[in-house]
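Report on the structure given below.
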Amino acid sequence: MSESLVTPSPAVADALAEGRPVVALESTIISHGMPYPRNVEVAHAIEQAVRDNGAVPATVAVIDGILRVGLEPAQIEALAQARNVAKLSRADLAVCMAEGRTGATTVAATMIAAAMAGIEVFATGGIGGVHRGAEMSFDVSADLQELSQSPVTVVAAGAKAILDLPKTLEVLETLGVPVIAFGQDALPAFWSRNSGLRAPLRMDGPADIARAHQMRRRIGVPGGQLVANPIPAEAEIPRAELTPVIGRAMQDASDHGIGGKDLTPYLLQRIFELTEGRSLEANVALVLSNAALGARIACELTVTPE
Ligand code: PSU
Ligand code: MN
């Protein structure tokens, strides 16, 4: 049933039919994460990084009510330019489709689409998590819950320091989500390689990650895995430099009464302004690196399919 409700592009459909590696990509990063026209260039660069590492990219979005897995360049351009595109998570995906509207998919909604299409690996920048002050606001991203339900391995650069990282780790542990730091012991913190926290798990190669993904399925545990890939060293912004910027951005959000779905995009935009664009360049570097690692994991999954 899900096959007719999710529409792969011709390139993605061919790859899936032939058992070739595919990597899902989200579109909220295009519509809500980066300014135009840089977002278009980056969307194409991410897809190219997937191809350069041997897999087929599948950017996910809802366009006029159709859940698409794999976008044509004109569709990416339209999404990048459009104003007031909906930001879709688990709660609003079906509503957007039913109403025939257009929306960009967050990590949670992209995982749902990937699972429907039979795609096992998804690469993005950062996942949503437990926001600072969540003990008052209860703002916990649906991304965390989704990781415990949809069988997709998600490659991200950790969660960013605008979140409460220790609480995010606690919730992921409660939900039974493996958090795997790639190639180091520390949990990465998006723009910085080291969050100061030890990651619960560590793996050093894509084949190990692929094997763990398959074993989880074989033993019947639902949900996926979170792979936390540190930003390339040359692109990182050290934590000490970002701490005051984040504090300022959060104060501004609170002064302007920003909350709910708008909070993450607001903070990203504010940090972009306060770092004079440096945060964006770091963001681009880490997404490209995650796309490459995602493709390598997807390739390993097809080398030894179940
Ligand atoms: N983190 C980032 N960049 C992003 C997002 C998160 O570094 O663009 C987006 C992702 O799409 C993520 C969503 O799934 O924000 C989380 O939003 P919320 O916290 O409202 O669940
Ligand atoms: Mn939220």
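Quick note on naming: the chains in the structure tokens go A, B, ... in the order shown, residues restart at 1 in each chain, and ligands are numbered from 1 in order of appearance.
With only C-alpha atoms and all ligand atoms as the atoms that count, the set of residues no farther than 10 Å from ligand 2 is Ser89, Gly128, Gly129, Val130, His131, Ala134, Ser137, Phe138, Asp139, Val140, Ser141, Ala142, Asp143, Gly259, Gly260, Lys261, Asp262, Leu263 and Thr264 of chain A.
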Atoms to include: N, CA and C atoms. Write the selected residues as a compact mmCIF listing (two decimals), in the first residue's frame.
# COMPACT_ATOMS: atom_id res chain seq x y z
N SER A 89 6.56 17.41 10.15
CA SER A 89 7.07 16.35 11.01
C SER A 89 6.04 15.22 11.01
N GLY A 128 16.77 17.19 15.46
CA GLY A 128 16.15 17.93 16.55
C GLY A 128 16.35 17.15 17.85
N GLY A 129 16.14 17.80 18.97
CA GLY A 129 16.35 17.11 20.25
C GLY A 129 15.57 17.77 21.37
N VAL A 130 16.10 17.64 22.57
CA VAL A 130 15.47 18.27 23.73
C VAL A 130 15.99 19.70 23.82
N HIS A 131 15.08 20.66 23.74
CA HIS A 131 15.52 22.05 23.81
C HIS A 131 15.91 22.43 25.23
N ALA A 134 13.53 22.67 28.43
CA ALA A 134 12.42 21.74 28.13
C ALA A 134 11.65 21.35 29.39
N SER A 137 9.18 24.11 28.97
CA SER A 137 8.45 24.23 27.69
C SER A 137 7.98 22.90 27.14
N PHE A 138 8.53 21.79 27.63
CA PHE A 138 8.24 20.45 27.10
C PHE A 138 8.61 20.34 25.62
N ASP A 139 9.51 21.19 25.12
CA ASP A 139 9.86 21.16 23.70
C ASP A 139 10.91 20.07 23.43
N VAL A 140 10.40 18.93 22.99
CA VAL A 140 11.25 17.79 22.64
C VAL A 140 10.90 17.41 21.20
N SER A 141 11.88 17.42 20.32
CA SER A 141 11.59 17.16 18.90
C SER A 141 11.04 15.76 18.68
N ALA A 142 10.09 15.67 17.76
CA ALA A 142 9.54 14.36 17.35
C ALA A 142 10.60 13.52 16.65
N ASP A 143 11.74 14.12 16.28
CA ASP A 143 12.81 13.35 15.66
C ASP A 143 13.27 12.21 16.58
N GLY A 259 8.70 30.31 19.64
CA GLY A 259 8.68 28.97 20.23
C GLY A 259 8.12 27.97 19.25
N GLY A 260 7.91 26.76 19.74
CA GLY A 260 7.33 25.69 18.92
C GLY A 260 8.17 25.41 17.68
N LYS A 261 7.49 25.18 16.57
CA LYS A 261 8.14 24.84 15.31
C LYS A 261 9.09 25.92 14.81
N ASP A 262 8.83 27.16 15.20
CA ASP A 262 9.62 28.27 14.67
C ASP A 262 10.97 28.42 15.36
N LEU A 263 11.11 27.74 16.50
CA LEU A 263 12.31 28.00 17.30
C LEU A 263 13.59 27.59 16.58
N THR A 264 13.65 26.34 16.09
CA THR A 264 14.89 25.87 15.46
C THR A 264 15.27 26.76 14.26
key: Contacts of Glu41 in chain A at 10 Å (only C-alpha atoms; same-chain gap of 5+ positions) as a list of chain:residue names   = A:Ile30, A:Tyr36, A:Ile46, A:Ile76, A:Glu77, A:Ala80
request  = DSSP on the backbone, then: every residue of range 29-267 of chain A marked strand (DSSP E), written as a PyMOL selection string.
outcome  = chain A and resi 56-63+66-69+86-88+103-105+121-123+153-156+179-182+201-203+225-228
Please dump the current selection as an mmCIF file, in the first residue's frame; keep C-alpha atoms.
data_model
loop_
_atom_site.group_PDB
_atom_site.id
_atom_site.type_symbol
_atom_site.label_atom_id
_atom_site.label_comp_id
_atom_site.auth_asym_id
_atom_site.auth_seq_id
_atom_site.Cartn_x
_atom_site.Cartn_y
_atom_site.Cartn_z
ATOM 1 C CA VAL A 56 21.741 7.488 -5.438
ATOM 2 C CA PRO A 57 20.381 10.562 -3.590
ATOM 3 C CA ALA A 58 16.680 10.786 -2.728
ATOM 4 C CA THR A 59 15.672 14.218 -1.448
ATOM 5 C CA VAL A 60 12.241 14.009 0.183
ATOM 6 C CA ALA A 61 9.408 16.580 0.134
ATOM 7 C CA VAL A 62 5.642 16.818 -0.257
ATOM 8 C CA ILE A 63 4.797 18.697 -3.457
ATOM 9 C CA ILE A 66 2.481 14.029 -3.374
ATOM 10 C CA LEU A 67 5.121 12.512 -1.112
ATOM 11 C CA ARG A 68 8.186 12.519 -3.351
ATOM 12 C CA VAL A 69 11.379 10.596 -2.761
ATOM 13 C CA ALA A 86 5.234 24.067 5.727
ATOM 14 C CA LYS A 87 7.736 22.304 7.961
ATOM 15 C CA LEU A 88 6.464 18.749 8.183
ATOM 16 C CA GLY A 103 5.866 21.028 2.593
ATOM 17 C CA ALA A 104 9.463 20.287 3.471
ATOM 18 C CA THR A 105 10.228 17.215 5.547
ATOM 19 C CA VAL A 121 19.998 5.258 5.216
ATOM 20 C CA PHE A 122 19.362 8.975 5.554
ATOM 21 C CA ALA A 123 21.921 11.766 5.837
ATOM 22 C CA THR A 153 20.058 4.741 10.041
ATOM 23 C CA VAL A 154 20.391 8.522 10.283
ATOM 24 C CA VAL A 155 23.782 10.175 9.813
ATOM 25 C CA ALA A 156 23.992 13.601 11.492
ATOM 26 C CA VAL A 179 23.834 6.804 19.440
ATOM 27 C CA ILE A 180 27.045 5.913 17.635
ATOM 28 C CA ALA A 181 29.916 8.382 17.434
ATOM 29 C CA PHE A 182 31.870 7.821 14.240
ATOM 30 C CA LEU A 201 28.652 3.955 21.432
ATOM 31 C CA ARG A 202 31.519 4.260 18.982
ATOM 32 C CA MET A 203 32.129 2.705 15.583
ATOM 33 C CA GLN A 225 20.250 4.224 14.633
ATOM 34 C CA LEU A 226 21.761 7.653 15.050
ATOM 35 C CA VAL A 227 25.287 7.992 13.679
ATOM 36 C CA ALA A 228 27.012 11.117 14.977
#
ask   = Just how far from CA of Leu267 in chain A is CA of Arg248 in chain A, in Å to one decimal?
value =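 Interatomic distance here is 9.6 Å.
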Go through range 75-165 of chain A residue by residue and, counting only C-alpha atoms, keep those with an atom at most 12 Å from range 249-254 of chain A; for each kept residue give the shortest atom pair and its distance in Å to one decimal, ordered by chain and increasing number, as a Markdown table.
| residue | atom | partner | partner_atom | distance |
| --- | --- | --- | --- | --- |
| A:His131 | CA | A:Met250 | CA | 10.6 |
| A:Arg132 | CA | A:Met250 | CA | 9.2 |
| A:Gly133 | CA | A:Met250 | CA | 10.6 |
| A:Ser137 | CA | A:Ser254 | CA | 11.7 |
| A:Ala161 | CA | A:Met250 | CA | 11.0 |
| A:Ile162 | CA | A:Met250 | CA | 7.8 |
| A:Leu163 | CA | A:Met250 | CA | 10.3 |
Dump as a compact mmCIF listing (two decimals), in the first residue's frame, selection limited to C-alpha atoms:
# COMPACT_ATOMS: atom_id res chain seq x y z
CA HIS A 131 15.52 22.05 23.81
CA ARG A 132 17.13 23.92 26.66
CA GLY A 133 14.47 24.78 29.19
CA SER A 137 8.45 24.23 27.69
CA ALA A 161 24.48 23.16 21.01
CA ILE A 162 21.22 25.15 20.84
CA LEU A 163 19.78 21.99 22.40
request  = Determine the nearest neighbour of ligand 1 from the options A:Gly33, A:Pro8, A:Pro21, A:Pro151, counting only C-alpha atoms and all ligand atoms.
outcome  =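 Of all the options, A:Gly33 lies closest to ligand 1.
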task = May I ask which of the residues A:Ala98, A:Ala114, A:Leu79, A:Leu268 is the closest one to ligand 1, counting only C-alpha atoms and all ligand atoms?
result =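 Ranked by minimum distance to ligand 1, first place goes to A:Leu268.
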task = Find, counting only C-alpha atoms and all ligand atoms, the residue in A:Ser195, A:Phe190, A:Glu47, A:Cys96 that gets nearest to ligand 1.
result =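 Looking only at the distances to ligand 1, the closest residue turns out to be A:Phe190.
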ask   = Excluding same-chain residues fewer than 2 positions from Phe272 in chain A, what lies within 12 Å of it counting only C-alpha atoms, as a ChimeraX atom specification?
value = /A:33-35,191,242,245-246,249,265-270,274-283
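Closest approach to Glu300 in chain A from the set A:Gly126, A:Pro206, A:Gly65, A:Pro178 is made by A:Pro206, with distances taken over only C-alpha atoms.
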query = Using only C-alpha atoms, which residues sit within 10 Å of Ile297 in chain A once same-chain residues fewer than 6 positions away are excluded, as a list in words?
reply =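 Here the answer would be Pro21, Val22, Val23, Asn53, Ala55, Glu120, Val121, Phe122, Thr153, Val155, Gly205, Pro206, Ala207, Asp208, Ile209, Ala210, Arg211, His213, Ala291 and Val303 of chain A.
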File dump, residues just selected, N, CA and C atoms, as a compact mmCIF listing (two decimals), in the first residue's frame:
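again-v8.txt was written with the following content:
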# COMPACT_ATOMS: atom_id res chain seq x y z
N PRO A 21 22.46 1.07 -3.85
CA PRO A 21 22.38 1.90 -2.64
C PRO A 21 21.70 3.25 -2.88
N VAL A 22 20.82 3.63 -1.96
CA VAL A 22 20.10 4.90 -2.01
C VAL A 22 20.24 5.58 -0.65
N VAL A 23 20.41 6.90 -0.65
CA VAL A 23 20.45 7.67 0.59
C VAL A 23 19.36 8.73 0.56
N ASN A 53 30.06 9.03 -3.75
CA ASN A 53 30.39 7.92 -2.86
C ASN A 53 29.57 6.68 -3.17
N ALA A 55 26.26 6.11 -4.21
CA ALA A 55 24.84 5.86 -3.96
C ALA A 55 23.98 6.88 -4.72
N GLU A 120 17.10 2.67 3.59
CA GLU A 120 17.54 2.36 4.96
C GLU A 120 18.51 3.38 5.55
N VAL A 121 19.01 4.29 4.73
CA VAL A 121 20.00 5.26 5.22
C VAL A 121 19.57 6.66 4.83
N PHE A 122 19.78 7.59 5.73
CA PHE A 122 19.36 8.98 5.55
C PHE A 122 20.46 9.87 6.13
N THR A 153 18.83 4.23 9.42
CA THR A 153 20.06 4.74 10.04
C THR A 153 20.26 6.18 9.60
N VAL A 155 22.45 9.61 9.60
CA VAL A 155 23.78 10.17 9.81
C VAL A 155 23.64 11.68 10.01
N GLY A 205 33.90 2.28 11.29
CA GLY A 205 33.79 2.03 9.85
C GLY A 205 32.35 1.83 9.42
N PRO A 206 32.06 2.18 8.15
CA PRO A 206 30.69 2.05 7.65
C PRO A 206 30.18 0.60 7.64
N ALA A 207 31.09 -0.36 7.46
CA ALA A 207 30.64 -1.76 7.44
C ALA A 207 30.10 -2.18 8.81
N ASP A 208 30.74 -1.71 9.88
CA ASP A 208 30.26 -2.03 11.24
C ASP A 208 28.87 -1.45 11.45
N ILE A 209 28.68 -0.23 10.98
CA ILE A 209 27.38 0.44 11.16
C ILE A 209 26.30 -0.30 10.38
N ALA A 210 26.65 -0.74 9.18
CA ALA A 210 25.69 -1.49 8.35
C ALA A 210 25.33 -2.81 9.03
N ARG A 211 26.33 -3.49 9.58
CA ARG A 211 26.05 -4.76 10.26
C ARG A 211 25.14 -4.56 11.47
N HIS A 213 22.96 -2.19 11.88
CA HIS A 213 21.63 -1.87 11.32
C HIS A 213 20.88 -3.17 10.99
N ALA A 291 26.68 13.22 4.09
CA ALA A 291 26.15 12.61 2.87
C ALA A 291 27.13 11.54 2.37
N VAL A 303 26.24 -4.61 -0.15
CA VAL A 303 27.28 -5.63 -0.34
C VAL A 303 26.85 -6.94 0.30
